[in-house]
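One file, entry-v2.txt, carrying compact mmCIF, C-alpha atoms:
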# COMPACT_ATOMS: atom_id res chain seq x y z
CA MET M 1 16.03 -1.90 13.24
CA ALA M 2 12.52 -3.29 12.74
CA GLU M 3 10.90 0.12 13.18
CA THR M 4 12.51 1.36 9.95
CA TYR M 5 10.35 -1.04 7.92
CA LEU M 6 6.80 -0.38 6.84
CA ARG M 7 4.25 -2.00 9.11
CA TYR M 8 1.55 -4.02 7.42
CA HIS M 9 -2.03 -2.71 7.70
CA ASP M 10 -5.21 -3.49 5.79
CA GLY M 11 -5.18 -0.10 4.05
CA ILE M 12 -1.93 -0.82 2.18
CA GLU M 13 -3.84 -2.01 -0.89
CA THR M 14 -5.86 0.39 -3.06
CA SER M 15 -7.79 -1.41 -5.78
CA LYS M 16 -9.38 0.41 -8.71
CA PRO M 17 -13.21 0.36 -9.09
CA ASP M 18 -13.13 -1.68 -12.32
CA GLU M 19 -10.57 -4.25 -11.13
CA ASP M 20 -13.00 -7.17 -10.71
CA GLY M 21 -14.21 -6.71 -14.26
CA VAL M 22 -10.64 -6.58 -15.55
CA ILE M 23 -9.80 -9.80 -13.72
CA ASP M 24 -12.86 -11.49 -15.21
CA GLN M 25 -11.58 -10.50 -18.66
CA ILE M 26 -8.15 -11.94 -17.86
CA ILE M 27 -9.73 -15.22 -16.83
CA ALA M 28 -11.83 -15.30 -20.01
CA SER M 29 -8.80 -14.59 -22.22
CA MET M 30 -6.61 -17.19 -20.52
CA THR M 31 -9.41 -19.75 -20.64
CA ARG M 32 -9.73 -19.21 -24.40
CA GLU M 33 -5.96 -19.66 -24.67
CA SER M 34 -6.28 -22.89 -22.68
CA GLU M 35 -9.05 -24.09 -24.99
CA THR M 36 -6.76 -23.51 -27.97
CA THR M 37 -3.89 -25.50 -26.49
CA ALA M 38 -6.18 -28.27 -25.17
CA LYS M 39 -7.49 -28.84 -28.68
CA ARG M 40 -3.93 -28.81 -30.04
CA TYR M 41 -2.56 -31.38 -27.57
CA GLY M 42 -5.73 -33.35 -26.83
CA HIS M 43 -5.01 -32.55 -23.20
CA ALA M 44 -5.30 -29.39 -21.11
CA VAL M 45 -2.01 -27.82 -20.00
CA ARG M 46 -1.27 -24.92 -17.70
CA ALA M 47 -2.05 -21.48 -19.08
CA SER M 48 1.44 -20.46 -17.98
CA HIS M 49 4.52 -22.50 -17.08
CA ALA M 50 3.14 -25.45 -19.03
CA LYS M 51 6.45 -27.14 -19.89
CA VAL M 52 8.12 -28.58 -16.81
CA SER M 53 11.92 -28.66 -16.68
CA GLY M 54 12.11 -30.68 -13.49
CA VAL M 55 10.30 -31.63 -10.29
CA VAL M 56 12.30 -32.23 -7.12
CA VAL M 57 11.75 -32.69 -3.41
CA GLY M 58 13.90 -31.38 -0.60
CA GLU M 59 13.89 -29.36 2.61
CA LEU M 60 13.34 -25.76 3.56
CA GLN M 61 15.69 -25.04 6.45
CA ILE M 62 14.57 -21.94 8.36
CA PHE M 63 17.38 -20.22 10.23
CA GLY M 64 17.37 -19.55 13.94
CA ASP M 65 18.32 -16.24 15.55
CA LEU M 66 16.69 -14.16 12.82
CA PRO M 67 16.11 -10.52 13.81
CA PRO M 68 12.49 -9.73 14.73
CA GLU M 69 11.62 -8.15 11.38
CA LEU M 70 12.70 -11.33 9.55
CA ALA M 71 11.28 -13.87 12.04
CA GLN M 72 7.76 -13.54 10.68
CA GLY M 73 5.02 -15.91 9.47
CA LEU M 74 6.43 -19.20 8.21
CA PHE M 75 9.90 -17.96 9.17
CA ALA M 76 9.00 -17.03 12.76
CA ARG M 77 10.48 -20.23 14.18
CA PRO M 78 13.58 -22.18 13.15
CA GLY M 79 12.98 -25.64 11.76
CA THR M 80 12.96 -27.86 8.71
CA HIS M 81 10.00 -28.39 6.38
CA PRO M 82 9.69 -30.83 3.47
CA ALA M 83 9.18 -29.11 0.12
CA VAL M 84 8.51 -29.87 -3.53
CA VAL M 85 9.81 -27.59 -6.28
CA ARG M 86 8.82 -27.29 -9.93
CA PHE M 87 11.02 -25.62 -12.54
CA ALA M 88 9.19 -24.68 -15.76
CA GLN M 89 9.22 -22.60 -18.92
CA GLY M 90 7.05 -19.48 -19.02
CA PRO M 91 4.55 -20.03 -21.88
CA GLY M 92 1.26 -21.85 -21.54
CA GLU M 93 2.34 -24.08 -24.43
CA LEU M 94 4.59 -27.11 -24.92
CA LEU M 95 7.14 -25.38 -27.12
CA LYS M 96 10.69 -26.31 -28.08
CA ASP M 97 13.24 -24.54 -25.90
CA SER M 98 14.44 -22.27 -28.70
CA VAL M 99 11.38 -20.27 -27.65
CA SER M 100 13.45 -19.17 -24.67
CA THR M 101 11.25 -16.95 -22.52
CA HIS M 102 11.08 -16.15 -18.81
CA ARG M 103 11.12 -19.17 -16.49
CA GLY M 104 9.48 -20.12 -13.24
CA MET M 105 10.30 -21.79 -9.95
CA ALA M 106 7.36 -22.82 -7.77
CA ILE M 107 7.88 -23.98 -4.18
CA LYS M 108 5.39 -25.84 -2.01
CA VAL M 109 6.34 -26.05 1.67
CA PHE M 110 4.70 -28.74 3.84
CA GLY M 111 3.90 -28.91 7.54
CA VAL M 112 2.98 -25.25 7.82
CA GLU M 113 1.00 -24.10 10.85
CA GLY M 114 -1.18 -21.04 11.25
CA GLU M 115 -4.20 -19.24 9.84
CA THR M 116 -4.51 -19.73 6.08
CA LEU M 117 -6.23 -17.69 3.38
CA PRO M 118 -9.95 -18.43 2.81
CA GLY M 119 -10.40 -21.54 0.70
CA HIS M 120 -7.01 -23.02 1.53
CA ASN M 121 -7.48 -25.87 3.96
CA GLY M 122 -4.09 -27.52 3.57
CA THR M 123 -0.95 -27.18 5.68
CA THR M 124 1.12 -25.89 2.76
CA GLN M 125 2.64 -22.58 1.74
CA ASP M 126 3.32 -21.89 -1.94
CA PHE M 127 5.77 -19.38 -3.36
CA VAL M 128 5.35 -18.84 -7.12
CA LEU M 129 8.52 -17.21 -8.45
CA ALA M 130 9.89 -16.20 -11.85
CA THR M 131 13.11 -14.93 -13.42
CA GLY M 132 13.43 -11.16 -13.21
CA PRO M 133 12.86 -8.97 -10.15
CA VAL M 134 9.79 -7.26 -11.63
CA PHE M 135 6.76 -8.15 -13.76
CA PRO M 136 6.48 -6.48 -17.18
CA ASN M 137 3.05 -5.01 -16.36
CA PRO M 138 2.27 -2.85 -13.32
CA ASP M 139 -1.19 -4.19 -12.54
CA ALA M 140 -4.17 -6.28 -13.66
CA ALA M 141 -5.23 -3.77 -16.33
CA GLY M 142 -1.75 -3.76 -17.84
CA PHE M 143 -1.60 -7.53 -17.83
CA LEU M 144 -4.98 -7.77 -19.55
CA GLY M 145 -3.57 -5.81 -22.51
CA SER M 146 -0.59 -8.18 -22.72
CA MET M 147 -2.79 -11.23 -22.26
CA LYS M 148 -4.93 -10.32 -25.26
CA GLN M 149 -1.77 -10.25 -27.38
CA LEU M 150 -0.60 -13.56 -25.92
CA GLU M 151 -3.98 -15.10 -26.70
CA ILE M 152 -3.63 -14.10 -30.34
CA GLY M 153 -0.01 -15.24 -30.42
CA THR M 154 -0.90 -18.71 -29.11
CA LYS M 155 -2.37 -19.54 -32.52
CA ALA M 156 0.78 -18.48 -34.41
CA PRO M 157 3.16 -21.11 -35.86
CA GLU M 158 5.94 -22.24 -33.54
CA ASP M 159 8.65 -20.94 -35.89
CA VAL M 160 7.18 -17.45 -35.52
CA LYS M 161 7.49 -17.78 -31.74
CA VAL M 162 11.11 -18.88 -32.12
CA ALA M 163 11.82 -15.79 -34.22
CA VAL M 164 10.08 -13.46 -31.76
CA SER M 165 12.05 -14.94 -28.86
CA LYS M 166 15.36 -14.50 -30.71
CA MET M 167 14.57 -10.90 -31.65
CA ALA M 168 13.49 -10.03 -28.11
CA ARG M 169 16.63 -11.64 -26.69
CA ALA M 170 18.87 -9.74 -29.12
CA ALA M 171 17.14 -6.44 -28.36
CA ASN M 172 17.36 -7.06 -24.62
CA THR M 173 21.07 -7.85 -24.89
CA LEU M 174 21.66 -4.60 -26.76
CA VAL M 175 19.75 -2.52 -24.23
CA LYS M 176 21.49 -4.25 -21.33
CA THR M 177 24.87 -3.36 -22.85
CA PHE M 178 24.06 0.33 -22.34
CA THR M 179 21.90 0.22 -19.20
CA GLY M 180 23.29 -2.76 -17.31
CA LYS M 181 19.77 -4.10 -16.75
CA ASP M 182 17.28 -6.33 -18.51
CA THR M 183 14.20 -4.76 -20.06
CA PRO M 184 11.34 -6.68 -18.38
CA ILE M 185 9.08 -7.01 -21.43
CA LEU M 186 11.98 -8.05 -23.71
CA ASP M 187 13.26 -10.50 -21.09
CA PHE M 188 9.74 -11.89 -20.72
CA PHE M 189 9.72 -12.95 -24.40
CA GLY M 190 13.45 -13.43 -24.95
CA HIS M 191 15.17 -14.65 -21.80
CA ALA M 192 18.77 -15.79 -22.21
CA PRO M 193 19.15 -19.60 -22.31
CA LYS M 194 20.76 -19.91 -18.90
CA HIS M 195 20.77 -23.04 -16.77
CA PRO M 196 17.53 -23.13 -14.70
CA LEU M 197 19.47 -24.01 -11.53
CA ALA M 198 21.87 -21.10 -11.90
CA GLU M 199 19.42 -18.19 -11.85
CA PRO M 200 17.64 -16.28 -9.09
CA TYR M 201 13.84 -16.30 -9.04
CA TYR M 202 11.56 -13.62 -7.60
CA SER M 203 8.00 -13.16 -6.38
CA GLN M 204 8.07 -9.95 -8.48
CA ALA M 205 4.99 -8.65 -6.67
CA ALA M 206 4.63 -8.00 -2.96
CA LEU M 207 3.19 -10.10 -0.16
CA ARG M 208 2.51 -9.66 3.49
CA TYR M 209 5.42 -10.71 5.65
CA GLY M 210 3.80 -11.04 9.06
CA ASP M 211 3.92 -7.58 10.59
CA PHE M 212 5.67 -6.21 7.50
CA VAL M 213 5.54 -6.21 3.69
CA ALA M 214 8.11 -7.89 1.44
CA LYS M 215 9.14 -9.45 -1.83
CA VAL M 216 10.67 -12.94 -1.81
CA GLY M 217 13.48 -14.42 -3.88
CA ALA M 218 15.38 -17.71 -4.28
CA PHE M 219 19.10 -17.36 -5.07
CA PRO M 220 21.52 -20.13 -6.17
CA ALA M 221 23.95 -20.94 -3.35
CA THR M 222 26.51 -23.63 -4.31
CA PRO M 223 29.82 -23.48 -6.21
CA ALA M 224 28.40 -25.97 -8.72
CA GLN M 225 25.51 -23.63 -9.46
CA ASP M 226 27.93 -20.72 -9.77
CA ALA M 227 29.81 -22.73 -12.39
CA LEU M 228 26.56 -23.43 -14.26
CA ALA M 229 25.88 -19.69 -14.37
CA LYS M 230 28.93 -19.25 -16.61
CA GLU M 231 27.54 -21.67 -19.19
CA THR M 232 25.05 -20.92 -21.95
CA LEU M 233 22.76 -23.72 -23.07
CA ASP M 234 22.03 -24.29 -26.77
CA PRO M 235 18.29 -24.76 -27.31
CA SER M 236 18.75 -24.86 -31.08
CA ALA M 237 20.55 -28.20 -30.71
CA ASP M 238 18.10 -29.76 -28.23
CA PRO M 239 14.39 -28.83 -28.08
CA ASP M 240 14.27 -30.00 -24.43
CA VAL M 241 17.66 -28.70 -23.34
CA PHE M 242 16.44 -27.14 -20.08
CA ARG M 243 14.83 -30.35 -18.84
CA HIS M 244 17.87 -32.40 -19.84
CA ALA M 245 20.21 -29.93 -18.11
CA VAL M 246 18.19 -29.96 -14.87
CA ALA M 247 17.95 -33.76 -14.83
CA ALA M 248 21.67 -34.17 -15.55
CA GLN M 249 22.66 -31.83 -12.74
CA PHE M 250 20.42 -33.52 -10.17
CA ARG M 251 21.92 -36.89 -11.08
CA GLU M 252 25.31 -35.56 -9.97
CA ALA M 253 24.88 -32.90 -7.30
CA GLU M 254 22.47 -31.21 -4.96
CA ALA M 255 21.17 -27.72 -5.60
CA VAL M 256 20.72 -25.15 -2.86
CA PHE M 257 18.85 -21.86 -3.00
CA GLU M 258 18.95 -19.18 -0.33
CA ILE M 259 15.47 -17.84 0.39
CA ARG M 260 15.73 -14.10 0.87
CA VAL M 261 13.23 -11.36 1.61
CA GLN M 262 13.30 -7.67 0.73
CA LEU M 263 11.33 -5.67 3.27
CA CYS M 264 9.39 -2.59 2.18
CA THR M 265 10.42 0.68 3.79
CA ASP M 266 8.28 3.21 1.89
CA LEU M 267 5.14 2.66 -0.19
CA ASP M 268 5.95 5.55 -2.51
CA ALA M 269 9.41 4.25 -3.40
CA MET M 270 8.47 0.57 -3.04
CA PRO M 271 4.83 0.30 -4.16
CA VAL M 272 2.67 -2.78 -3.77
CA GLU M 273 0.20 -1.77 -6.52
CA ASP M 274 2.85 -1.51 -9.26
CA ALA M 275 4.58 -4.85 -9.82
CA SER M 276 6.69 -3.37 -12.63
CA LYS M 277 8.65 -1.07 -10.30
CA GLU M 278 11.84 -2.54 -8.88
CA TRP M 279 12.43 -2.05 -5.19
CA SER M 280 15.83 -0.52 -4.48
CA ASP M 281 18.46 -2.88 -3.08
CA ALA M 282 20.27 0.15 -1.69
CA ARG M 283 17.18 1.15 0.27
CA SER M 284 16.41 -2.39 1.43
CA PRO M 285 18.62 -5.34 0.41
CA TYR M 286 17.44 -8.93 0.10
CA ARG M 287 18.26 -10.76 3.36
CA THR M 288 18.52 -14.51 3.84
CA VAL M 289 15.98 -16.27 6.08
CA ALA M 290 16.25 -19.92 4.97
CA ARG M 291 17.95 -22.43 2.69
CA LEU M 292 16.14 -24.67 0.23
CA VAL M 293 18.20 -27.86 -0.09
CA LEU M 294 17.41 -30.13 -3.04
CA PRO M 295 19.44 -33.39 -2.98
CA VAL M 296 20.50 -35.70 -5.79
CA GLN M 297 17.42 -37.38 -7.33
CA ALA M 298 15.56 -38.14 -10.55
CA ALA M 299 14.08 -34.78 -11.51
CA ASP M 300 12.44 -36.03 -14.70
CA SER M 301 10.93 -39.42 -13.85
CA PRO M 302 7.80 -40.07 -15.99
CA ALA M 303 5.61 -40.56 -12.91
CA ARG M 304 6.80 -37.33 -11.34
CA LEU M 305 6.37 -35.29 -14.53
CA THR M 306 2.86 -36.66 -15.04
CA TYR M 307 1.99 -35.80 -11.45
CA ALA M 308 3.31 -32.28 -11.94
CA ASP M 309 1.38 -31.82 -15.18
CA ASP M 310 -1.97 -33.27 -14.16
CA VAL M 311 -2.32 -33.13 -10.37
CA LEU M 312 0.09 -30.71 -8.73
CA SER M 313 -1.03 -27.12 -8.41
CA PHE M 314 0.98 -24.11 -7.21
CA ARG M 315 -0.97 -20.97 -6.36
CA PRO M 316 -0.47 -17.70 -4.47
CA ALA M 317 -3.74 -18.59 -2.69
CA HIS M 318 -2.09 -21.61 -1.05
CA SER M 319 -0.81 -19.40 1.70
CA LEU M 320 -0.77 -18.45 5.32
CA ALA M 321 -2.67 -15.26 6.07
CA ALA M 322 0.70 -13.95 7.28
CA HIS M 323 1.96 -14.13 3.67
CA ARG M 324 -1.13 -12.88 1.86
CA PRO M 325 -0.32 -11.70 -1.68
CA LEU M 326 -0.65 -7.93 -2.10
CA GLY M 327 -1.36 -5.57 -4.97
CA SER M 328 -3.38 -5.56 -8.17
CA LEU M 329 -1.35 -8.22 -9.99
CA MET M 330 -1.50 -10.57 -7.01
CA ARG M 331 -5.23 -10.05 -6.56
CA ALA M 332 -5.63 -11.05 -10.21
CA ARG M 333 -3.49 -14.13 -9.63
CA LEU M 334 -5.55 -15.21 -6.63
CA LYS M 335 -8.66 -15.51 -8.79
CA THR M 336 -7.06 -16.45 -12.10
CA TYR M 337 -4.97 -19.38 -10.86
CA ALA M 338 -8.01 -20.96 -9.21
CA ALA M 339 -10.20 -20.63 -12.30
CA LEU M 340 -7.56 -21.98 -14.70
CA SER M 341 -6.62 -24.86 -12.42
CA ARG M 342 -10.27 -25.82 -12.24
CA PHE M 343 -10.52 -25.71 -16.06
CA ARG M 344 -7.43 -27.87 -16.49
CA HIS M 345 -8.46 -30.52 -13.98
CA GLU M 346 -12.06 -30.72 -15.21
CA ARG M 347 -10.97 -30.90 -18.86
CA ASN M 348 -8.57 -33.75 -18.06
CA ALA M 349 -11.05 -35.49 -15.73
CA VAL M 350 -8.49 -35.43 -12.92
CA ARG M 351 -9.49 -34.64 -9.37
CA GLU M 352 -7.90 -31.45 -8.06
CA THR M 353 -6.06 -32.55 -4.91
CA GLU M 354 -3.61 -30.69 -2.71
CA PRO M 355 -0.86 -33.07 -1.48
CA ARG M 356 -0.84 -33.58 2.27
CA THR M 357 2.82 -34.57 2.55
CA VAL M 358 5.85 -34.67 0.32
CA ALA M 359 5.39 -38.46 0.23
CA ASP M 360 2.45 -37.89 -2.11
CA VAL M 361 4.94 -36.81 -4.80
CA PRO M 362 5.97 -39.84 -6.91
CA ALA M 363 9.63 -40.85 -7.05
Represent the structure contained in this file as structure tokens.
Amino acid sequence: MAETYLRYHDGIETSKPDEDGVIDQIIASMTRESETTAKRYGHAVRASHAKVSGVVVGELQIFGDLPPELAQGLFARPGTHPAVVRFAQGPGELLKDSVSTHRGMAIKVFGVEGETLPGHNGTTQDFVLATGPVFPNPDAAGFLGSMKQLEIGTKAPEDVKVAVSKMARAANTLVKTFTGKDTPILDFFGHAPKHPLAEPYYSQAALRYGDFVAKVGAFPATPAQDALAKETLDPSADPDVFRHAVAAQFREAEAVFEIRVQLCTDLDAMPVEDASKEWSDARSPYRTVARLVLPVQAADSPARLTYADDVLSFRPAHSLAAHRPLGSLMRARLKTYAALSRFRHERNAVRETEPRTVADVPA
């Protein structure tokens, strides 16, 4: 029943007094990191998820007859919306895939109606997702500490990053043998080399879900993707193995992801200010509200990859007010993504433009 779920209200968030200053420090650190990589490549790249594994277009099919607590915001009415999806590696560097870290899936939904967040004048809704149900740090202050280490690490030789990734992956595998779960910080730096189309992706932090509060996930939903989940890719043999794997799969078969939401029932057990705490599936399971259908296509065309690198921007701020990001980490993302996108576009002398329709995405 809907009444068992926490109702959204403006007092759900509780920011700390020094949070704005912390976010400013995050932006400064990530901008310095971006300066380092821009000098290295002669071109500014994203400060995270810089290496694209594939860009595809498709449809978000919102189900009808959803119960009231799920028929909220974008998902309030059944229908089909065009969408563009970017799969990418985690680091803000163009590294060989043997630096196998966390990965991202960003979704931009078109033809969205309703009140949007301040500063977002488009008719799009973005969902920025990553592997792992939680973020390694609880809040902006925790992420700042990690970001300072990442900033230093950006200047390290690539072979050092390969070694760190391998050690983190080995340690995570060992821990998982005993606990049955990934260790978020180890998985962040040493994610198993799984096929990008065979993994679930999560918002990790909370967002408003109309009258409620939720986390969002995208889960593989075809037999072909299930088969891919049983395979392990070999990044030591191919420095771009993830991109090649994604492109090869989309040449042969569609990919489908179920979009699911996990509704919050209790702020103490399912906090919005601590993105490192996993919400219990037993207390509130992920429930399907839509299907993201991505047909056969060229996921790695040069024009499409260039567009993704230089023009396309995915942000939590590209959102309906009904899906406003919540919590310290999300508040940091709202400001940080905008500042870093502005840096990247200005450095590359490319106008920052939000696509109006999926037709703006090159074939």
For atom CA of His102 of chain M and atom CA of Ile27 of chain M, the interatomic separation in Å (one decimal)
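Computing the Euclidean distance for atom CA of His102 of chain M and atom CA of Ile27 of chain M yields 20.9 Å.
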Among listed residues M:Asn348, M:Ser319, M:Ser165, M:Thr179, nearest Gly122 of chain M (using only C-alpha atoms)
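Among the listed residues, the smallest separation from Gly122 of chain M belongs to M:Ser319.
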With distances taken over all atoms listed in the file, which residue among M:Ala168, M:Gly90, M:Arg344, M:Leu267 lies nearest Arg32 of chain M?
M:Arg344
Top pick for closest residue to His244 of chain M, considering M:Asp126, M:Asp309, M:Asp300, M:Asp159 and counting only C-alpha atoms
M:Asp300
Can you tell me which residues surround Asp20 of chain M at a distance of at most 12 Å, considering all atoms listed in the file, apart from same-chain residues fewer than 3 positions away, and format the answer as a list of chain:residue names?
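The residues satisfying every condition are M:Ser15, M:Lys16, M:Pro17, M:Ile23, M:Asp24, M:Gln25, M:Ile26, M:Ile27, M:Ala140, M:Ala141, M:Leu144, M:Ser328, M:Leu329, M:Arg331, M:Ala332, M:Arg333, M:Leu334, M:Lys335, M:Thr336.
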Extract, using only C-alpha atoms, all DNA, RNA and protein residues at most 8 Å from Leu74 of chain M, discarding same-chain residues fewer than 5 positions from it, and format them as a tab-separated table (two decimals) with C-alpha atoms, in the frame of the given file.
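Result file is out.tsv:
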chain	number	residue	atom	x	y	z
M	112	VAL	CA	2.98	-25.25	7.82
M	113	GLU	CA	1.00	-24.10	10.85
M	320	LEU	CA	-0.77	-18.45	5.32
M	322	ALA	CA	0.70	-13.95	7.28
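For the atom pair formed by atom CA of Val311 of chain M and atom CA of His345 of chain M, the distance is 7.6 Å, given to one decimal.
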Would you please work out which residue, of M:Gly54, M:Pro285, M:Gly114, M:Pro239, is nearest to Leu197 of chain M when using all atoms listed in the file?
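Of the candidates, the smallest distance to Leu197 of chain M is held by M:Gly54.
The neighbours of Arg356 of chain M here are the residues that come within 12 Å of it, using all atoms listed in the file and leaving out any residue fewer than 6 positions away in the same chain; they are M:Pro82, M:Ala83, M:Val84, M:Lys108, M:Val109, M:Phe110, M:Gly111, M:Val112, M:Asn121, M:Gly122, M:Thr123, M:Thr124, M:Gln125, M:Leu312.
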For the selection just defined, write its residues with C-alpha atoms to a file, as a JSON list (two decimals), in the frame of the given file.
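Output file selection-v3.json follows:
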[["chain", "number", "residue", "atom", "x", "y", "z"],
["M", 82, "PRO", "CA", 9.69, -30.83, 3.47],
["M", 83, "ALA", "CA", 9.18, -29.11, 0.12],
["M", 84, "VAL", "CA", 8.51, -29.87, -3.53],
["M", 108, "LYS", "CA", 5.39, -25.84, -2.01],
["M", 109, "VAL", "CA", 6.34, -26.05, 1.67],
["M", 110, "PHE", "CA", 4.70, -28.74, 3.84],
["M", 111, "GLY", "CA", 3.90, -28.91, 7.54],
["M", 112, "VAL", "CA", 2.98, -25.25, 7.82],
["M", 121, "ASN", "CA", -7.48, -25.87, 3.96],
["M", 122, "GLY", "CA", -4.09, -27.52, 3.57],
["M", 123, "THR", "CA", -0.95, -27.18, 5.68],
["M", 124, "THR", "CA", 1.12, -25.89, 2.76],
["M", 125, "GLN", "CA", 2.64, -22.58, 1.74],
["M", 312, "LEU", "CA", 0.09, -30.71, -8.73]]
Which residue, M:Gly142, M:Gly11, M:Gly153, M:Gly58, has the smallest gap to Phe250 of chain M when you use all atoms listed in the file?
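Among M:Gly142, M:Gly11, M:Gly153, M:Gly58, it is M:Gly58 that comes nearest to Phe250 of chain M.
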